[in-house]
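Student: Shown below is the structure under consideration.
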Amino acid sequence: MKTSHNRLQRYSPLDRANHWTMAMAFLLLALSGLAFFHPAFFFLTHTLGGPVWARILHPFIGVVLVLLFYAMAVRHVRNNLLGGNDVQWMRQIGDVLNNRDDKLPEIGKYNPGQKLVYWALVVSIAVLLISGVIMWRPWFAGYFPIPLIRFASLLHALSAFVAIVTIVVHIYAALWVKGSVRAMTRGWVTRAWARHHHGLWAREKEENERRERH
Ligand code: HEM
């Protein structure tokens, strides 16, 4: 059992509850959305209790995802702005992909790949919300002309594609970087993990700890 002086807190319980509720909402939305997208995926309507319930629930779950996602996104915006050694890190993408971590510059709480995932989701989820509301029968679609509703449905499919591909990359990266999933399940990372993957963040956290002690 590791002692707590070997750990750094990365996510609060609220952050984690938010994240995993959001992940479940996203999965239900992706599966029921694919069911509406092509008849080959019709059987996926069963994830929400059949075609009628899937059609009713999909937009409401979408609103839940939007609320949870932006509640989290707002709290993390500062850490997702480009800065520090990010440009140099991107120049060395070859070292990143070939696991030559020792050659990489120190970075903050998130690396540029994580920041790209963050911004791709900020944009694609906003487009999903706006286009979804325009198509939402019986509540809102009646206020919009049919050509706009058709255009909205095209945008909805395109932004859903971007969001799903982004999340597949997000999950792959979370599993690829050993020790990351624990950050989002238990809330903490080891100091060694933090120094290795996010050196600037680790130093900032440790400096804050020292200041609090004195
Ligand atoms: C099974 C699915 C998922 C897994 C395994 C997963 C895993 C993780 C992990 C391990 C982290 C922490 C990374 C770190 O601190 O370095 C994280 C952060 C995050 N995740 Fe997920 N995630 C999943 C689904 C989702 C979904 C569906 C969304 C959004 C729709 C999402 C949005 C985020 C955001 C916004 C962060 C904070 C990082 C940032 O602000 O850049 N995740 N996730």
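Ordered as shown in the structure tokens, chains take letters A, B, and onward, while each chain numbers its residues from 1 and ligands are numbered from 1 in the order shown.
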Taking only C-alpha atoms and all ligand atoms into account, which residues are within 8 Å of ligand 1, as a PDB file with N, CA, C and O atoms, in the first residue's frame?
Tutor:
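So pocket.pdb came out as:
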ATOM      1  N   ARG A  10      -5.099  14.531  -8.535  1.00  0.00           N
ATOM      2  CA  ARG A  10      -5.274  15.076  -9.887  1.00  0.00           C
ATOM      3  C   ARG A  10      -6.726  15.440 -10.166  1.00  0.00           C
ATOM      4  O   ARG A  10      -7.008  16.398 -10.856  1.00  0.00           O
ATOM      5  N   TYR A  11      -7.664  14.645  -9.626  1.00  0.00           N
ATOM      6  CA  TYR A  11      -9.085  14.960  -9.819  1.00  0.00           C
ATOM      7  C   TYR A  11      -9.845  14.808  -8.518  1.00  0.00           C
ATOM      8  O   TYR A  11      -9.614  13.853  -7.763  1.00  0.00           O
ATOM      9  N   HIS A  19     -17.118  12.994 -14.741  1.00  0.00           N
ATOM     10  CA  HIS A  19     -16.492  12.376 -15.906  1.00  0.00           C
ATOM     11  C   HIS A  19     -17.137  11.043 -16.271  1.00  0.00           C
ATOM     12  O   HIS A  19     -17.455  10.780 -17.428  1.00  0.00           O
ATOM     13  N   TRP A  20     -17.374  10.182 -15.267  1.00  0.00           N
ATOM     14  CA  TRP A  20     -17.889   8.842 -15.608  1.00  0.00           C
ATOM     15  C   TRP A  20     -19.375   8.865 -15.947  1.00  0.00           C
ATOM     16  O   TRP A  20     -19.847   8.050 -16.741  1.00  0.00           O
ATOM     17  N   MET A  22     -20.665  11.364 -17.562  1.00  0.00           N
ATOM     18  CA  MET A  22     -20.566  11.879 -18.923  1.00  0.00           C
ATOM     19  C   MET A  22     -20.178  10.754 -19.899  1.00  0.00           C
ATOM     20  O   MET A  22     -20.723  10.655 -20.999  1.00  0.00           O
ATOM     21  N   ALA A  23     -19.252   9.888 -19.472  1.00  0.00           N
ATOM     22  CA  ALA A  23     -18.821   8.787 -20.350  1.00  0.00           C
ATOM     23  C   ALA A  23     -19.998   7.850 -20.640  1.00  0.00           C
ATOM     24  O   ALA A  23     -20.183   7.402 -21.780  1.00  0.00           O
ATOM     25  N   MET A  24     -20.827   7.583 -19.607  1.00  0.00           N
ATOM     26  CA  MET A  24     -21.992   6.703 -19.824  1.00  0.00           C
ATOM     27  C   MET A  24     -23.001   7.367 -20.757  1.00  0.00           C
ATOM     28  O   MET A  24     -23.556   6.737 -21.652  1.00  0.00           O
ATOM     29  N   ALA A  25     -23.239   8.675 -20.536  1.00  0.00           N
ATOM     30  CA  ALA A  25     -24.176   9.405 -21.400  1.00  0.00           C
ATOM     31  C   ALA A  25     -23.672   9.388 -22.841  1.00  0.00           C
ATOM     32  O   ALA A  25     -24.444   9.168 -23.788  1.00  0.00           O
ATOM     33  N   PHE A  26     -22.354   9.584 -23.013  1.00  0.00           N
ATOM     34  CA  PHE A  26     -21.776   9.614 -24.359  1.00  0.00           C
ATOM     35  C   PHE A  26     -21.976   8.267 -25.068  1.00  0.00           C
ATOM     36  O   PHE A  26     -22.344   8.218 -26.239  1.00  0.00           O
ATOM     37  N   LEU A  27     -21.762   7.179 -24.322  1.00  0.00           N
ATOM     38  CA  LEU A  27     -21.905   5.840 -24.911  1.00  0.00           C
ATOM     39  C   LEU A  27     -23.351   5.617 -25.375  1.00  0.00           C
ATOM     40  O   LEU A  27     -23.586   5.162 -26.508  1.00  0.00           O
ATOM     41  N   LEU A  65     -25.559  15.408 -21.313  1.00  0.00           N
ATOM     42  CA  LEU A  65     -24.127  15.399 -21.674  1.00  0.00           C
ATOM     43  C   LEU A  65     -23.590  16.829 -21.798  1.00  0.00           C
ATOM     44  O   LEU A  65     -22.507  17.140 -21.288  1.00  0.00           O
ATOM     45  N   PHE A  69     -20.623  18.115 -19.621  1.00  0.00           N
ATOM     46  CA  PHE A  69     -19.362  18.390 -20.318  1.00  0.00           C
ATOM     47  C   PHE A  69     -18.899  19.829 -20.086  1.00  0.00           C
ATOM     48  O   PHE A  69     -17.746  20.058 -19.714  1.00  0.00           O
ATOM     49  N   MET A  72     -17.555  20.569 -16.684  1.00  0.00           N
ATOM     50  CA  MET A  72     -16.173  20.116 -16.515  1.00  0.00           C
ATOM     51  C   MET A  72     -15.216  20.981 -17.346  1.00  0.00           C
ATOM     52  O   MET A  72     -14.152  21.392 -16.878  1.00  0.00           O
ATOM     53  N   ALA A  73     -15.624  21.283 -18.588  1.00  0.00           N
ATOM     54  CA  ALA A  73     -14.749  22.026 -19.505  1.00  0.00           C
ATOM     55  C   ALA A  73     -14.390  23.399 -18.926  1.00  0.00           C
ATOM     56  O   ALA A  73     -13.247  23.841 -19.031  1.00  0.00           O
ATOM     57  N   HIS A  76     -11.632  23.281 -16.496  1.00  0.00           N
ATOM     58  CA  HIS A  76     -10.318  22.878 -17.008  1.00  0.00           C
ATOM     59  C   HIS A  76      -9.777  23.793 -18.103  1.00  0.00           C
ATOM     60  O   HIS A  76      -8.741  23.493 -18.677  1.00  0.00           O
ATOM     61  N   VAL A  77     -10.481  24.885 -18.393  1.00  0.00           N
ATOM     62  CA  VAL A  77     -10.079  25.686 -19.558  1.00  0.00           C
ATOM     63  C   VAL A  77      -8.653  26.240 -19.419  1.00  0.00           C
ATOM     64  O   VAL A  77      -7.863  26.188 -20.369  1.00  0.00           O
ATOM     65  N   ASN A  79      -6.076  25.082 -17.962  1.00  0.00           N
ATOM     66  CA  ASN A  79      -5.030  24.073 -18.196  1.00  0.00           C
ATOM     67  C   ASN A  79      -4.974  23.582 -19.638  1.00  0.00           C
ATOM     68  O   ASN A  79      -4.116  22.782 -19.984  1.00  0.00           O
ATOM     69  N   ASN A  80      -5.931  24.021 -20.462  1.00  0.00           N
ATOM     70  CA  ASN A  80      -5.954  23.547 -21.836  1.00  0.00           C
ATOM     71  C   ASN A  80      -5.577  24.627 -22.854  1.00  0.00           C
ATOM     72  O   ASN A  80      -5.761  24.441 -24.057  1.00  0.00           O
ATOM     73  N   LYS A 109      -0.230  20.489 -16.921  1.00  0.00           N
ATOM     74  CA  LYS A 109      -1.189  19.451 -16.520  1.00  0.00           C
ATOM     75  C   LYS A 109      -1.617  18.580 -17.706  1.00  0.00           C
ATOM     76  O   LYS A 109      -1.862  17.393 -17.548  1.00  0.00           O
ATOM     77  N   TYR A 110      -1.736  19.193 -18.888  1.00  0.00           N
ATOM     78  CA  TYR A 110      -2.124  18.408 -20.076  1.00  0.00           C
ATOM     79  C   TYR A 110      -1.131  18.627 -21.199  1.00  0.00           C
ATOM     80  O   TYR A 110      -0.614  19.730 -21.380  1.00  0.00           O
ATOM     81  N   GLN A 114      -3.727  16.075 -25.508  1.00  0.00           N
ATOM     82  CA  GLN A 114      -4.907  16.148 -24.640  1.00  0.00           C
ATOM     83  C   GLN A 114      -5.663  17.463 -24.862  1.00  0.00           C
ATOM     84  O   GLN A 114      -6.891  17.490 -24.832  1.00  0.00           O
ATOM     85  N   LYS A 115      -4.891  18.531 -25.117  1.00  0.00           N
ATOM     86  CA  LYS A 115      -5.530  19.832 -25.349  1.00  0.00           C
ATOM     87  C   LYS A 115      -6.328  19.811 -26.652  1.00  0.00           C
ATOM     88  O   LYS A 115      -7.408  20.391 -26.729  1.00  0.00           O
ATOM     89  N   LEU A 116      -5.782  19.104 -27.659  1.00  0.00           N
ATOM     90  CA  LEU A 116      -6.495  18.996 -28.936  1.00  0.00           C
ATOM     91  C   LEU A 116      -7.812  18.234 -28.734  1.00  0.00           C
ATOM     92  O   LEU A 116      -8.863  18.627 -29.262  1.00  0.00           O
ATOM     93  N   VAL A 117      -7.768  17.150 -27.946  1.00  0.00           N
ATOM     94  CA  VAL A 117      -8.985  16.381 -27.640  1.00  0.00           C
ATOM     95  C   VAL A 117     -10.006  17.298 -26.964  1.00  0.00           C
ATOM     96  O   VAL A 117     -11.188  17.327 -27.332  1.00  0.00           O
ATOM     97  N   TYR A 118      -9.529  18.061 -26.001  1.00  0.00           N
ATOM     98  CA  TYR A 118     -10.406  18.971 -25.251  1.00  0.00           C
ATOM     99  C   TYR A 118     -11.113  19.947 -26.201  1.00  0.00           C
ATOM    100  O   TYR A 118     -12.341  20.072 -26.185  1.00  0.00           O
ATOM    101  N   LEU A 121     -13.636  18.462 -28.594  1.00  0.00           N
ATOM    102  CA  LEU A 121     -14.913  18.160 -27.925  1.00  0.00           C
ATOM    103  C   LEU A 121     -15.696  19.442 -27.639  1.00  0.00           C
ATOM    104  O   LEU A 121     -16.919  19.469 -27.799  1.00  0.00           O
ATOM    105  N   ILE A 125     -19.225  19.249 -29.519  1.00  0.00           N
ATOM    106  CA  ILE A 125     -20.415  19.123 -28.662  1.00  0.00           C
ATOM    107  C   ILE A 125     -21.303  20.374 -28.797  1.00  0.00           C
ATOM    108  O   ILE A 125     -22.533  20.280 -28.776  1.00  0.00           O
ATOM    109  N   ALA A 163     -16.732  13.775 -32.840  1.00  0.00           N
ATOM    110  CA  ALA A 163     -16.724  13.509 -31.383  1.00  0.00           C
ATOM    111  C   ALA A 163     -16.399  12.039 -31.104  1.00  0.00           C
ATOM    112  O   ALA A 163     -15.612  11.740 -30.201  1.00  0.00           O
ATOM    113  N   ILE A 167     -13.176  10.637 -29.093  1.00  0.00           N
ATOM    114  CA  ILE A 167     -13.272   9.845 -27.860  1.00  0.00           C
ATOM    115  C   ILE A 167     -12.532   8.514 -27.995  1.00  0.00           C
ATOM    116  O   ILE A 167     -11.909   8.044 -27.036  1.00  0.00           O
ATOM    117  N   HIS A 170      -9.096   9.435 -27.334  1.00  0.00           N
ATOM    118  CA  HIS A 170      -9.000   9.759 -25.891  1.00  0.00           C
ATOM    119  C   HIS A 170      -8.859   8.470 -25.063  1.00  0.00           C
ATOM    120  O   HIS A 170      -7.995   8.371 -24.191  1.00  0.00           O
ATOM    121  N   ILE A 171      -9.698   7.473 -25.363  1.00  0.00           N
ATOM    122  CA  ILE A 171      -9.657   6.220 -24.593  1.00  0.00           C
ATOM    123  C   ILE A 171      -8.340   5.481 -24.872  1.00  0.00           C
ATOM    124  O   ILE A 171      -7.682   4.982 -23.954  1.00  0.00           O
ATOM    125  N   TYR A 172      -7.939   5.460 -26.152  1.00  0.00           N
ATOM    126  CA  TYR A 172      -6.689   4.773 -26.500  1.00  0.00           C
ATOM    127  C   TYR A 172      -5.508   5.409 -25.750  1.00  0.00           C
ATOM    128  O   TYR A 172      -4.680   4.714 -25.164  1.00  0.00           O
ATOM    129  N   ALA A 174      -5.617   7.147 -22.998  1.00  0.00           N
ATOM    130  CA  ALA A 174      -5.745   6.921 -21.542  1.00  0.00           C
ATOM    131  C   ALA A 174      -5.198   5.537 -21.177  1.00  0.00           C
ATOM    132  O   ALA A 174      -4.561   5.359 -20.142  1.00  0.00           O
ATOM    133  N   LEU A 175      -5.436   4.544 -22.051  1.00  0.00           N
ATOM    134  CA  LEU A 175      -4.950   3.194 -21.760  1.00  0.00           C
ATOM    135  C   LEU A 175      -3.456   3.065 -22.069  1.00  0.00           C
ATOM    136  O   LEU A 175      -2.726   2.317 -21.425  1.00  0.00           O
ATOM    137  N   SER A 180      -2.635   6.485 -16.116  1.00  0.00           N
ATOM    138  CA  SER A 180      -3.574   7.598 -16.341  1.00  0.00           C
ATOM    139  C   SER A 180      -4.977   7.259 -15.860  1.00  0.00           C
ATOM    140  O   SER A 180      -5.652   8.106 -15.268  1.00  0.00           O
ATOM    141  N   VAL A 181      -5.432   6.021 -16.130  1.00  0.00           N
ATOM    142  CA  VAL A 181      -6.822   5.674 -15.794  1.00  0.00           C
ATOM    143  C   VAL A 181      -7.044   5.812 -14.291  1.00  0.00           C
ATOM    144  O   VAL A 181      -8.084   6.295 -13.844  1.00  0.00           O
ATOM    145  N   ARG A 182      -6.003   5.435 -13.508  1.00  0.00           N
ATOM    146  CA  ARG A 182      -6.110   5.552 -12.055  1.00  0.00           C
ATOM    147  C   ARG A 182      -6.372   7.009 -11.638  1.00  0.00           C
ATOM    148  O   ARG A 182      -7.052   7.271 -10.644  1.00  0.00           O
ATOM    149  N   ALA A 183      -5.836   7.964 -12.412  1.00  0.00           N
ATOM    150  CA  ALA A 183      -6.073   9.375 -12.089  1.00  0.00           C
ATOM    151  C   ALA A 183      -7.574   9.665 -12.079  1.00  0.00           C
ATOM    152  O   ALA A 183      -8.067  10.421 -11.243  1.00  0.00           O
ATOM    153  N   MET A 184      -8.295   9.036 -13.018  1.00  0.00           N
ATOM    154  CA  MET A 184      -9.729   9.321 -13.145  1.00  0.00           C
ATOM    155  C   MET A 184     -10.600   8.328 -12.364  1.00  0.00           C
ATOM    156  O   MET A 184     -11.789   8.552 -12.212  1.00  0.00           O
ATOM    157  N   THR A 185     -10.013   7.198 -11.867  1.00  0.00           N
ATOM    158  CA  THR A 185     -10.817   6.283 -11.047  1.00  0.00           C
ATOM    159  C   THR A 185     -10.575   6.565  -9.554  1.00  0.00           C
ATOM    160  O   THR A 185     -11.501   6.647  -8.772  1.00  0.00           O
TER     161      THR A 185
END
Student: Taking the DSSP assignment computed from this structure's backbone, write out as a PyMOL selection string all residues of range 5-213 of chain A that belong to strand (DSSP E or B).
Tutor: chain A and resi 7-9+188-190
Student: Residues near range 126-141 of chain A, anyone? I mean within 9 Å using only C-alpha atoms, not counting same-chain ones fewer than 6 positions away, as a PDB file with N, CA and C atoms, in the first residue's frame.
Tutor:
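Once written, part13.pdb looks like this:
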ATOM      1  N   PRO A  59     -32.392  12.938 -27.374  1.00  0.00           N
ATOM      2  CA  PRO A  59     -32.108  14.377 -27.174  1.00  0.00           C
ATOM      3  C   PRO A  59     -32.006  14.802 -25.708  1.00  0.00           C
ATOM      4  N   GLY A  62     -28.723  13.933 -24.525  1.00  0.00           N
ATOM      5  CA  GLY A  62     -27.806  14.904 -25.141  1.00  0.00           C
ATOM      6  C   GLY A  62     -27.690  16.158 -24.283  1.00  0.00           C
ATOM      7  N   VAL A  63     -28.816  16.641 -23.782  1.00  0.00           N
ATOM      8  CA  VAL A  63     -28.791  17.847 -22.935  1.00  0.00           C
ATOM      9  C   VAL A  63     -28.009  17.560 -21.649  1.00  0.00           C
ATOM     10  N   VAL A  66     -24.355  17.686 -22.474  1.00  0.00           N
ATOM     11  CA  VAL A  66     -23.909  19.077 -22.671  1.00  0.00           C
ATOM     12  C   VAL A  66     -23.679  19.755 -21.318  1.00  0.00           C
ATOM     13  N   LEU A 148     -33.209  24.138 -43.519  1.00  0.00           N
ATOM     14  CA  LEU A 148     -32.288  24.328 -42.383  1.00  0.00           C
ATOM     15  C   LEU A 148     -32.246  23.063 -41.519  1.00  0.00           C
ATOM     16  N   ILE A 149     -33.400  22.411 -41.362  1.00  0.00           N
ATOM     17  CA  ILE A 149     -33.437  21.181 -40.555  1.00  0.00           C
ATOM     18  C   ILE A 149     -32.579  20.102 -41.235  1.00  0.00           C
ATOM     19  N   ARG A 150     -32.664  20.050 -42.571  1.00  0.00           N
ATOM     20  CA  ARG A 150     -31.847  19.049 -43.297  1.00  0.00           C
ATOM     21  C   ARG A 150     -30.360  19.345 -43.135  1.00  0.00           C
ATOM     22  N   PHE A 151     -30.005  20.632 -43.235  1.00  0.00           N
ATOM     23  CA  PHE A 151     -28.601  21.021 -43.076  1.00  0.00           C
ATOM     24  C   PHE A 151     -28.126  20.691 -41.656  1.00  0.00           C
ATOM     25  N   ALA A 152     -29.022  20.931 -40.687  1.00  0.00           N
ATOM     26  CA  ALA A 152     -28.679  20.637 -39.284  1.00  0.00           C
ATOM     27  C   ALA A 152     -28.417  19.141 -39.115  1.00  0.00           C
ATOM     28  N   SER A 153     -29.200  18.306 -39.802  1.00  0.00           N
ATOM     29  CA  SER A 153     -29.002  16.866 -39.609  1.00  0.00           C
ATOM     30  C   SER A 153     -27.673  16.410 -40.217  1.00  0.00           C
ATOM     31  N   LEU A 154     -27.256  17.084 -41.304  1.00  0.00           N
ATOM     32  CA  LEU A 154     -25.935  16.788 -41.880  1.00  0.00           C
ATOM     33  C   LEU A 154     -24.825  17.188 -40.905  1.00  0.00           C
ATOM     34  N   LEU A 155     -24.962  18.405 -40.355  1.00  0.00           N
ATOM     35  CA  LEU A 155     -23.959  18.892 -39.389  1.00  0.00           C
ATOM     36  C   LEU A 155     -23.902  18.003 -38.144  1.00  0.00           C
ATOM     37  N   HIS A 156     -25.094  17.520 -37.724  1.00  0.00           N
ATOM     38  CA  HIS A 156     -25.177  16.671 -36.530  1.00  0.00           C
ATOM     39  C   HIS A 156     -24.374  15.385 -36.767  1.00  0.00           C
ATOM     40  N   ALA A 157     -24.564  14.782 -37.955  1.00  0.00           N
ATOM     41  CA  ALA A 157     -23.851  13.531 -38.260  1.00  0.00           C
ATOM     42  C   ALA A 157     -22.340  13.777 -38.329  1.00  0.00           C
ATOM     43  N   LEU A 158     -21.941  14.912 -38.972  1.00  0.00           N
ATOM     44  CA  LEU A 158     -20.506  15.202 -39.109  1.00  0.00           C
ATOM     45  C   LEU A 158     -19.855  15.453 -37.751  1.00  0.00           C
ATOM     46  N   SER A 159     -20.535  16.240 -36.910  1.00  0.00           N
ATOM     47  CA  SER A 159     -19.923  16.548 -35.613  1.00  0.00           C
ATOM     48  C   SER A 159     -19.946  15.317 -34.700  1.00  0.00           C
ATOM     49  N   ALA A 160     -20.953  14.444 -34.860  1.00  0.00           N
ATOM     50  CA  ALA A 160     -20.966  13.198 -34.074  1.00  0.00           C
ATOM     51  C   ALA A 160     -19.775  12.327 -34.489  1.00  0.00           C
TER      52      ALA A 160
END
Student: Taking only C-alpha atoms into account, which of A:Gln88, A:Asn111, A:Asn6, A:Thr166 comes nearest Leu200 in chain A?
Tutor: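 Counting only C-alpha atoms, the residue closest to Leu200 in chain A is A:Asn111.
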Student: List the spatial neighbours of Gly33 in chain A as a list in words - criterion: any atom at most 9 Å away, only C-alpha atoms, same-chain residues fewer than 5 positions off excluded.
Tutor: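 Residues meeting the cut-off are Leu28, Leu44, Thr45, Ala54, His58, Ala157 and Ala160 of chain A.
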Student: Write the residues you've just listed into a file as an mmCIF file, in the first residue's frame, and include all heavy atoms for each of them.
Tutor:
data_model
loop_
_atom_site.group_PDB
_atom_site.id
_atom_site.type_symbol
_atom_site.label_atom_id
_atom_site.label_comp_id
_atom_site.auth_asym_id
_atom_site.auth_seq_id
_atom_site.Cartn_x
_atom_site.Cartn_y
_atom_site.Cartn_z
ATOM 1 N N LEU A 28 -24.312 5.966 -24.522
ATOM 2 C CA LEU A 28 -25.729 5.788 -24.891
ATOM 3 C C LEU A 28 -26.079 6.638 -26.111
ATOM 4 O O LEU A 28 -26.812 6.197 -27.004
ATOM 5 C CB LEU A 28 -26.638 6.172 -23.719
ATOM 6 C CG LEU A 28 -26.604 5.234 -22.514
ATOM 7 C CD1 LEU A 28 -27.464 5.784 -21.387
ATOM 8 C CD2 LEU A 28 -27.084 3.831 -22.902
ATOM 9 N N LEU A 44 -29.476 -1.266 -32.389
ATOM 10 C CA LEU A 44 -28.918 -0.513 -31.252
ATOM 11 C C LEU A 44 -29.968 0.346 -30.539
ATOM 12 O O LEU A 44 -29.709 0.843 -29.441
ATOM 13 C CB LEU A 44 -27.753 0.367 -31.722
ATOM 14 C CG LEU A 44 -26.491 -0.397 -32.150
ATOM 15 C CD1 LEU A 44 -25.469 0.550 -32.758
ATOM 16 C CD2 LEU A 44 -25.882 -1.126 -30.951
ATOM 17 N N THR A 45 -31.154 0.505 -31.148
ATOM 18 C CA THR A 45 -32.214 1.254 -30.440
ATOM 19 C C THR A 45 -32.560 0.545 -29.130
ATOM 20 O O THR A 45 -33.084 1.159 -28.203
ATOM 21 C CB THR A 45 -33.507 1.367 -31.285
ATOM 22 O OG1 THR A 45 -33.915 0.058 -31.665
ATOM 23 C CG2 THR A 45 -33.310 2.237 -32.503
ATOM 24 N N ALA A 54 -35.911 5.235 -27.719
ATOM 25 C CA ALA A 54 -34.606 5.773 -28.159
ATOM 26 C C ALA A 54 -34.799 7.166 -28.748
ATOM 27 O O ALA A 54 -34.067 8.105 -28.427
ATOM 28 C CB ALA A 54 -33.969 4.838 -29.176
ATOM 29 N N HIS A 58 -32.978 10.097 -26.624
ATOM 30 C CA HIS A 58 -31.680 10.561 -27.171
ATOM 31 C C HIS A 58 -31.448 12.074 -26.966
ATOM 32 O O HIS A 58 -30.414 12.464 -26.414
ATOM 33 C CB HIS A 58 -31.584 10.141 -28.643
ATOM 34 C CG HIS A 58 -30.346 10.579 -29.343
ATOM 35 N ND1 HIS A 58 -29.207 9.788 -29.431
ATOM 36 C CD2 HIS A 58 -30.034 11.728 -29.996
ATOM 37 C CE1 HIS A 58 -28.272 10.434 -30.104
ATOM 38 N NE2 HIS A 58 -28.746 11.618 -30.466
ATOM 39 N N ALA A 157 -24.564 14.782 -37.955
ATOM 40 C CA ALA A 157 -23.851 13.531 -38.260
ATOM 41 C C ALA A 157 -22.340 13.777 -38.329
ATOM 42 O O ALA A 157 -21.541 12.996 -37.799
ATOM 43 C CB ALA A 157 -24.361 12.940 -39.568
ATOM 44 N N ALA A 160 -20.953 14.444 -34.860
ATOM 45 C CA ALA A 160 -20.966 13.198 -34.074
ATOM 46 C C ALA A 160 -19.775 12.327 -34.489
ATOM 47 O O ALA A 160 -19.112 11.717 -33.645
ATOM 48 C CB ALA A 160 -22.271 12.442 -34.302
#
Student: Residues near range 207-212 of chain A, anyone? I mean within 12 Å using only C-alpha atoms, not counting same-chain ones fewer than 4 positions away, as a PyMOL selection string.
Tutor: chain A and resi 5+7-9+200-203
Student: Go ahead and write the residues just picked, all heavy atoms, as a tab-separated table (two decimals), in the first residue's frame.
Tutor:
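So the final result, stored in again.tsv, reads:
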chain	number	residue	atom	x	y	z
A	5	HIS	N	2.11	10.35	0.94
A	5	HIS	CA	3.14	11.31	0.53
A	5	HIS	C	3.80	10.92	-0.79
A	5	HIS	O	4.60	11.65	-1.34
A	5	HIS	CB	4.18	11.53	1.65
A	5	HIS	CG	4.96	10.31	2.01
A	5	HIS	ND1	4.76	9.65	3.20
A	5	HIS	CD2	5.91	9.64	1.35
A	5	HIS	CE1	5.58	8.61	3.24
A	5	HIS	NE2	6.28	8.58	2.13
A	7	ARG	N	1.85	10.41	-3.38
A	7	ARG	CA	0.80	10.68	-4.37
A	7	ARG	C	0.52	12.16	-4.55
A	7	ARG	O	0.73	12.94	-3.63
A	7	ARG	CB	-0.51	10.03	-3.91
A	7	ARG	CG	-0.43	8.56	-3.71
A	7	ARG	CD	-1.71	8.10	-3.04
A	7	ARG	NE	-1.67	6.67	-2.80
A	7	ARG	CZ	-2.61	6.01	-2.15
A	7	ARG	NH1	-3.67	6.64	-1.69
A	7	ARG	NH2	-2.50	4.72	-1.97
A	8	LEU	N	-0.02	12.49	-5.73
A	8	LEU	CA	-0.52	13.85	-5.95
A	8	LEU	C	-1.97	13.75	-6.41
A	8	LEU	O	-2.31	12.90	-7.24
A	8	LEU	CB	0.30	14.55	-7.04
A	8	LEU	CG	1.72	15.00	-6.69
A	8	LEU	CD1	2.41	15.59	-7.91
A	8	LEU	CD2	1.69	16.03	-5.56
A	9	GLN	N	-2.82	14.62	-5.85
A	9	GLN	CA	-4.23	14.63	-6.23
A	9	GLN	C	-4.36	15.24	-7.62
A	9	GLN	O	-3.80	16.30	-7.88
A	9	GLN	CB	-5.01	15.47	-5.20
A	9	GLN	CG	-6.43	15.78	-5.57
A	9	GLN	CD	-7.42	14.77	-4.98
A	9	GLN	OE1	-7.05	14.01	-4.08
A	9	GLN	NE2	-8.63	14.75	-5.48
A	200	LEU	N	6.03	20.12	-15.36
A	200	LEU	CA	5.74	21.48	-14.89
A	200	LEU	C	4.60	21.46	-13.89
A	200	LEU	O	4.62	22.15	-12.87
A	200	LEU	CB	5.36	22.39	-16.08
A	200	LEU	CG	6.46	22.69	-17.10
A	200	LEU	CD1	5.91	23.58	-18.21
A	200	LEU	CD2	7.66	23.35	-16.44
A	201	TRP	N	3.58	20.62	-14.17
A	201	TRP	CA	2.43	20.50	-13.26
A	201	TRP	C	2.89	19.94	-11.91
A	201	TRP	O	2.50	20.43	-10.86
A	201	TRP	CB	1.35	19.62	-13.90
A	201	TRP	CG	0.19	19.33	-13.01
A	201	TRP	CD1	-0.80	20.20	-12.65
A	201	TRP	CD2	-0.11	18.10	-12.33
A	201	TRP	NE1	-1.71	19.58	-11.81
A	201	TRP	CE2	-1.31	18.29	-11.60
A	201	TRP	CE3	0.51	16.84	-12.28
A	201	TRP	CZ2	-1.89	17.28	-10.83
A	201	TRP	CZ3	-0.08	15.83	-11.52
A	201	TRP	CH2	-1.26	16.06	-10.80
A	202	ALA	N	3.73	18.89	-11.95
A	202	ALA	CA	4.21	18.25	-10.71
A	202	ALA	C	4.95	19.27	-9.86
A	202	ALA	O	4.73	19.36	-8.64
A	202	ALA	CB	5.12	17.07	-11.05
A	203	ARG	N	5.80	20.07	-10.53
A	203	ARG	CA	6.59	21.06	-9.78
A	203	ARG	C	5.68	22.11	-9.13
A	203	ARG	O	5.85	22.49	-7.98
A	203	ARG	CB	7.59	21.72	-10.70
A	203	ARG	CG	8.93	21.69	-10.02
A	203	ARG	CD	10.17	22.01	-10.76
A	203	ARG	NE	10.30	21.66	-12.14
A	203	ARG	CZ	10.59	22.55	-13.08
A	203	ARG	NH1	10.69	23.83	-12.80
A	203	ARG	NH2	10.80	22.14	-14.33
Student: Asn85 in chain A: which residues within 10 Å, counting only C-alpha atoms, same-chain residues fewer than 6 positions away excluded, as a ChimeraX atom specification?
Tutor: /A:104-108,111-112,200
Student: Could you tell me which of A:Ala35, A:Val189, A:Ala120, A:Leu67 comes closest to Leu48 in chain A if we count only C-alpha atoms?
Tutor: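 So, comparing all the options, the nearest one is A:Ala35.
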Student: Enumerate as a VMD selection string all residues of range 9-58 of chain A assigned to alpha helix (DSSP H) by DSSP on the backbone, naming them with the chain letters and numbers the document uses.
Tutor: chain A and resid 13 to 37 51 to 58
Student: Rounded to one decimal, what separation in Å do you get between CA of Arg186 in chain A and CA of Asn18 in chain A?
Tutor: 13.5 Å
Student: What separation in Å, quoted to one decimal, exists between CA of Phe161 in chain A and CA of Leu34 in chain A?
Tutor: 9.9 Å
Student: Please measure the separation of CA of Ser4 in chain A and CA of Arg191 in chain A, giving the value in Å to one decimal.
Tutor: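 Distance reported for this atom pair: 10.1 Å.
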